[in-house]
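Trainee: Submitted below is the structure of interest, expressed as structure tokens.
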Amino acid sequence: MPDGDSDAGLVKPFLDHLEDLRGTILKCLITVVVGTVAAFALSPQVLALLKVPLEKAGRDPESFLMVLEVMGGLSIAARIAIWGGIMIAVPACGYFIADFVFPGLKTHERNVVTWSMLLAAGCFAVGVVLAYEMILPQALRVLFRIDDWMGVTRSFVSVTDYVSFLLKLLLAFGLVFELPVVVLALGQVGLVSAQQLRAARRYVIVGLFVTAMLLTPPDPFTQLAMAVPMVLLYELCIWLIWMKERSRPSGNSRD
């Protein structure tokens with residue numbers, strides 16, 4: 001007998017599901033395109049903002065950043081458009097994907113996905129802002145000190161290289177800060193338990209440090225700055241899911 005709290009009784013044909021998937025992919029692509037166009041139009045302002053961490057690291061952007069290619073300005077704008085467009089589109093694409101799976105979820109699961117998407121967008125913004133305000137200036141200082149230690153003279157860097165480096169790092173911090181939201185949402189709908197998360201803790205911690213190593217420059221500060229908050233957020237997820245499990249009536253399940 002179909003559950004009145006779900007749409008299980010309304011089974012859509014397979015071709016309709018494919019059509020919905022096509023529509024979701026199309027909306028995501030359109031969002032990326034719109035975000036890319038918006039980032040391209042704002043590329044001078046974005047470049048000005050990207051110079052701020054360099055100033056905080058003790059370098060003068062006007063003399064330290066150099067255009068080395070004939071099409072340097074266009075290349076910089078293109079990089080800002082691509083990476084900026086992706087960052088703009090990530091929250092909206094997450095919503096479209098969630099909307100695609102809504103018909104297969106029960107009402108309380110839809111509510112979980114809804115607030116999870118809002119929380120994920122907030123976490124993405126927090127990750128980007130944290131990286132911009134605190135991590136990037138320190139990471140640049142560490143890299144410059146490594147240059148001094150190695151006896152490498154760095155009088156300038158390519159603007160395109162600098163912009164790509166910063167935008168990739170900002171996107172990486174934004175994305176990894178969304179991972180705990182996924183874990184928390186899975187726990188809220190009963191797909192994972194606090195006990196399972198505790199049992200997997202050591203493997204998850206190793207995975208988080210490896211992820212930080214792959215996504216950040218090869219300096220310990222930046223890697224720890226990404227990995228440590230992720231570990232703390234994972235522990236917070238375990239605690240929140242445990243509290244949720246304790247509040248459930250005995251014998252209650254997602255079914």
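If you're wondering about the labels, chains in the structure tokens are A, B, ... by order shown, residues count from 1 in each chain, ligands from 1 in order shown.
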If we count only C-alpha atoms and set the cut-off at 9 Å, which residues sit around region 63-73 of chain A, ignoring sequence neighbours fewer than 3 positions away in its own chain? Please answer as a ChimeraX atom specification.

Mentor: /A:51,59-60,76-78,154-160,162

Trainee: Atoms to include: C-alpha atoms. Write the selected residues as a PDB file, in the first residue's frame.

Mentor:
ATOM      1  CA  LYS A  51      44.905  41.504  -5.755  1.00  0.00           C
ATOM      2  CA  ARG A  59      53.673  42.405  -2.325  1.00  0.00           C
ATOM      3  CA  ASP A  60      52.638  45.330  -4.513  1.00  0.00           C
ATOM      4  CA  ILE A  76      42.805  36.756 -17.623  1.00  0.00           C
ATOM      5  CA  ALA A  77      39.164  37.635 -18.310  1.00  0.00           C
ATOM      6  CA  ALA A  78      38.550  34.124 -19.695  1.00  0.00           C
ATOM      7  CA  ARG A 154      60.910  36.173  -7.673  1.00  0.00           C
ATOM      8  CA  SER A 155      60.549  39.753  -8.897  1.00  0.00           C
ATOM      9  CA  PHE A 156      57.204  39.158 -10.602  1.00  0.00           C
ATOM     10  CA  VAL A 157      54.669  36.471 -11.564  1.00  0.00           C
ATOM     11  CA  SER A 158      52.287  36.054 -14.476  1.00  0.00           C
ATOM     12  CA  VAL A 159      48.842  37.502 -13.813  1.00  0.00           C
ATOM     13  CA  THR A 160      47.163  34.555 -15.553  1.00  0.00           C
ATOM     14  CA  TYR A 162      48.183  34.048 -10.224  1.00  0.00           C
TER      15      TYR A 162
END

Trainee: Would you give me, as a tab-separated table, each residue of region 7-107 of chain A having an atom within 12 Å of an atom of region 163-180 of chain A, along with its shortest atom pair and that distance in Å to one decimal, using only C-alpha atoms and sorting by chain and residue number?

Mentor:
residue	atom	partner	partner_atom	distance
A:Ala39	CA	A:Leu167	CA	11.9
A:Ser43	CA	A:Val163	CA	10.8
A:Pro44	CA	A:Val163	CA	11.9
A:Val46	CA	A:Val163	CA	9.7
A:Leu47	CA	A:Val163	CA	7.7
A:Ala48	CA	A:Val163	CA	10.7
A:Leu49	CA	A:Val163	CA	10.6
A:Leu50	CA	A:Val163	CA	7.2
A:Lys51	CA	A:Val163	CA	8.9
A:Val52	CA	A:Leu166	CA	11.1
A:Pro53	CA	A:Leu166	CA	9.2
A:Leu54	CA	A:Leu166	CA	10.1
A:Pro61	CA	A:Val163	CA	11.8
A:Leu65	CA	A:Val163	CA	9.9
A:Met66	CA	A:Val163	CA	11.5
A:Val67	CA	A:Val163	CA	11.5
A:Gly72	CA	A:Val163	CA	11.6
A:Gly73	CA	A:Val163	CA	11.6
A:Ser75	CA	A:Val163	CA	10.1
A:Ile76	CA	A:Val163	CA	7.1
A:Ala77	CA	A:Val163	CA	9.5
A:Ala78	CA	A:Ser164	CA	10.2
A:Arg79	CA	A:Ser164	CA	6.5
A:Ile80	CA	A:Val163	CA	7.3
A:Ala81	CA	A:Leu167	CA	10.3
A:Ile82	CA	A:Leu167	CA	9.6
A:Trp83	CA	A:Leu167	CA	6.2
A:Gly84	CA	A:Leu167	CA	7.3
A:Gly85	CA	A:Leu171	CA	10.6
A:Ile86	CA	A:Leu171	CA	8.2
A:Met87	CA	A:Leu171	CA	6.3
A:Ile88	CA	A:Leu171	CA	10.0
A:Ala89	CA	A:Leu171	CA	11.3
A:Val90	CA	A:Leu175	CA	8.6
A:Pro91	CA	A:Leu175	CA	10.0
A:Gly94	CA	A:Glu178	CA	10.6

Trainee: If you keep N, CA and C atoms, can you produce a file of those selected residues as a CSV table (one decimal), in the first residue's frame?

Mentor:
chain,number,residue,atom,x,y,z
A,39,ALA,N,30.5,36.7,-14.7
A,39,ALA,CA,31.8,36.8,-14.2
A,39,ALA,C,32.7,37.5,-15.2
A,43,SER,N,34.9,40.9,-14.7
A,43,SER,CA,36.3,40.5,-14.5
A,43,SER,C,37.2,41.6,-14.0
A,44,PRO,N,37.1,42.9,-14.4
A,44,PRO,CA,38.0,43.9,-13.9
A,44,PRO,C,37.8,44.1,-12.4
A,46,VAL,N,36.6,41.8,-10.3
A,46,VAL,CA,37.1,40.5,-9.7
A,46,VAL,C,38.6,40.5,-9.6
A,47,LEU,N,39.3,41.0,-10.6
A,47,LEU,CA,40.7,41.0,-10.6
A,47,LEU,C,41.2,42.0,-9.5
A,48,ALA,N,40.5,43.1,-9.3
A,48,ALA,CA,40.9,44.0,-8.3
A,48,ALA,C,40.8,43.3,-6.9
A,49,LEU,N,39.7,42.5,-6.7
A,49,LEU,CA,39.5,41.8,-5.4
A,49,LEU,C,40.6,40.8,-5.2
A,50,LEU,N,41.0,40.1,-6.3
A,50,LEU,CA,42.0,39.1,-6.2
A,50,LEU,C,43.4,39.6,-5.9
A,51,LYS,N,43.6,40.9,-6.1
A,51,LYS,CA,44.9,41.5,-5.8
A,51,LYS,C,45.0,41.7,-4.3
A,52,VAL,N,43.9,41.8,-3.5
A,52,VAL,CA,44.0,42.1,-2.1
A,52,VAL,C,44.8,41.1,-1.3
A,53,PRO,N,44.6,39.8,-1.5
A,53,PRO,CA,45.4,38.8,-0.7
A,53,PRO,C,46.9,39.0,-1.0
A,54,LEU,N,47.3,39.4,-2.2
A,54,LEU,CA,48.7,39.6,-2.5
A,54,LEU,C,49.2,40.9,-1.7
A,61,PRO,N,50.8,44.6,-5.9
A,61,PRO,CA,50.3,43.9,-7.1
A,61,PRO,C,50.6,44.6,-8.4
A,65,LEU,N,52.7,41.7,-10.4
A,65,LEU,CA,51.9,41.0,-11.4
A,65,LEU,C,52.2,41.5,-12.7
A,66,MET,N,52.6,40.7,-13.6
A,66,MET,CA,52.9,41.1,-15.0
A,66,MET,C,52.1,40.3,-16.0
A,67,VAL,N,51.8,41.0,-17.1
A,67,VAL,CA,51.1,40.3,-18.3
A,67,VAL,C,52.2,39.9,-19.2
A,72,GLY,N,47.1,38.7,-23.1
A,72,GLY,CA,47.0,38.5,-21.7
A,72,GLY,C,45.7,39.0,-21.0
A,73,GLY,N,45.3,40.2,-21.4
A,73,GLY,CA,44.0,40.7,-20.8
A,73,GLY,C,42.8,39.8,-21.1
A,75,SER,N,43.0,36.6,-21.8
A,75,SER,CA,43.3,35.3,-21.1
A,75,SER,C,42.9,35.4,-19.7
A,76,ILE,N,43.2,36.5,-19.0
A,76,ILE,CA,42.8,36.8,-17.6
A,76,ILE,C,41.3,36.8,-17.5
A,77,ALA,N,40.6,37.5,-18.4
A,77,ALA,CA,39.2,37.6,-18.3
A,77,ALA,C,38.5,36.3,-18.5
A,78,ALA,N,39.1,35.5,-19.4
A,78,ALA,CA,38.6,34.1,-19.7
A,78,ALA,C,38.7,33.2,-18.5
A,79,ARG,N,39.8,33.3,-17.8
A,79,ARG,CA,40.0,32.5,-16.6
A,79,ARG,C,39.0,32.9,-15.5
A,80,ILE,N,38.9,34.2,-15.3
A,80,ILE,CA,37.9,34.7,-14.3
A,80,ILE,C,36.5,34.2,-14.7
A,81,ALA,N,36.2,34.3,-15.9
A,81,ALA,CA,34.8,33.9,-16.4
A,81,ALA,C,34.6,32.5,-16.1
A,82,ILE,N,35.5,31.6,-16.5
A,82,ILE,CA,35.3,30.2,-16.3
A,82,ILE,C,35.2,29.8,-14.9
A,83,TRP,N,36.2,30.1,-14.1
A,83,TRP,CA,36.2,29.7,-12.7
A,83,TRP,C,35.2,30.4,-11.9
A,84,GLY,N,35.0,31.7,-12.2
A,84,GLY,CA,34.0,32.5,-11.5
A,84,GLY,C,32.6,32.0,-11.8
A,85,GLY,N,32.4,31.7,-13.1
A,85,GLY,CA,31.1,31.1,-13.5
A,85,GLY,C,30.7,29.9,-12.8
A,86,ILE,N,31.7,29.0,-12.6
A,86,ILE,CA,31.5,27.7,-11.9
A,86,ILE,C,31.1,28.0,-10.4
A,87,MET,N,31.8,28.9,-9.8
A,87,MET,CA,31.5,29.3,-8.4
A,87,MET,C,30.1,29.8,-8.3
A,88,ILE,N,29.7,30.7,-9.2
A,88,ILE,CA,28.4,31.3,-9.2
A,88,ILE,C,27.3,30.2,-9.4
A,89,ALA,N,27.6,29.2,-10.2
A,89,ALA,CA,26.6,28.2,-10.6
A,89,ALA,C,26.5,27.1,-9.6
A,90,VAL,N,27.5,26.8,-8.8
A,90,VAL,CA,27.4,25.7,-7.9
A,90,VAL,C,26.2,25.6,-7.0
A,91,PRO,N,25.8,26.7,-6.3
A,91,PRO,CA,24.6,26.6,-5.5
A,91,PRO,C,23.4,26.3,-6.3
A,94,GLY,N,23.2,22.8,-7.5
A,94,GLY,CA,22.8,21.9,-6.4
A,94,GLY,C,21.3,21.8,-6.2

Trainee: Between A:Met226, A:Val182, A:Ile238, A:Val204, which is the closest to Ala98 (chain A) once you count only C-alpha atoms?

Mentor: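 Smallest separation from Ala98 (chain A) among the options: A:Val182.
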
Trainee: Would you write out, as CSV, a table of all residues in region 96-212 of chain A that have an atom no more than 7 Å from an atom of region 20-36 of chain A, listing for each the closest atom pair and the distance in Å to one decimal, considering only C-alpha atoms and ordering rows by chain and rising residue number?

Mentor:
residue,atom,partner,partner_atom,distance
A:Phe96,CA,A:Thr24,CA,6.1
A:Ile97,CA,A:Thr24,CA,6.6
A:Phe100,CA,A:Thr24,CA,6.7

Trainee: Point out the residue among A:Ala225, A:Phe40, A:Val181, A:Arg246 with the least atom-to-atom distance to Leu130 (chain A), counting only C-alpha atoms.

Mentor: A:Ala225

Trainee: Using Å and a single decimal, report how far CA of Gly122 (chain A) sits from CA of Thr222 (chain A).

Mentor: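 Atom-to-atom, CA of Thr222 (chain A) and CA of Gly122 (chain A) are spaced 21.6 Å apart.
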
Trainee: As JSON, numbers by chain, please: every residue in region 41-225 of chain A that a backbone DSSP assignment puts in helix (DSSP H, G or I).

Mentor: {"A": [41, 43, 44, 45, 46, 47, 48, 49, 50, 51, 52, 53, 54, 55, 56, 61, 62, 63, 64, 72, 73, 74, 75, 76, 77, 78, 79, 80, 81, 82, 83, 84, 85, 86, 87, 88, 89, 90, 91, 92, 93, 94, 95, 96, 97, 98, 99, 100, 101, 102, 103, 104, 107, 108, 109, 110, 111, 112, 113, 114, 115, 116, 117, 118, 119, 120, 121, 122, 123, 124, 125, 126, 127, 128, 129, 130, 131, 132, 133, 134, 135, 136, 137, 138, 139, 140, 141, 142, 143, 144, 145, 146, 147, 148, 149, 150, 159, 160, 161, 162, 163, 164, 165, 166, 167, 168, 169, 170, 171, 172, 173, 174, 175, 176, 179, 180, 181, 182, 183, 184, 185, 186, 187, 188, 194, 195, 196, 197, 198, 199, 201, 202, 203, 204, 205, 206, 207, 208, 209, 210, 211, 212, 213, 214, 215, 220, 221, 222, 223, 224, 225]}

Trainee: What parts of region 44-195 of chain A does DSSP call strand (DSSP E or B)? I'd like the answer as a ChimeraX atom specification.

Mentor: /A:65-66,157-158

Trainee: List as JSON, numbers by chain the protein and nucleic acid residues near region 184-199 of chain A, meaning an atom at most 7 Å away when only C-alpha atoms are counted, but skip any in the same chain fewer than 4 places from it.

Mentor: {"A": [109, 112, 113, 116, 180, 237, 238, 241, 242, 254]}

Trainee: Those same residues, written as a short mmCIF file (atom, residue, chain, number, x, y, z; two decimals), in the first residue's frame with C-alpha atoms?

Mentor:
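Below is the file that was written, result-v1.cif:
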data_model
loop_
_atom_site.label_atom_id
_atom_site.label_comp_id
_atom_site.auth_asym_id
_atom_site.auth_seq_id
_atom_site.Cartn_x
_atom_site.Cartn_y
_atom_site.Cartn_z
CA GLU A 109 13.21 13.73 3.22
CA VAL A 112 15.91 17.61 4.75
CA VAL A 113 17.16 18.10 1.18
CA SER A 116 20.57 20.92 3.25
CA PRO A 180 29.83 17.87 5.85
CA CYS A 237 28.18 15.96 12.05
CA ILE A 238 28.67 12.84 14.19
CA ILE A 241 23.39 12.89 14.03
CA TRP A 242 23.83 11.23 17.44
CA ARG A 254 13.11 6.08 7.98
#
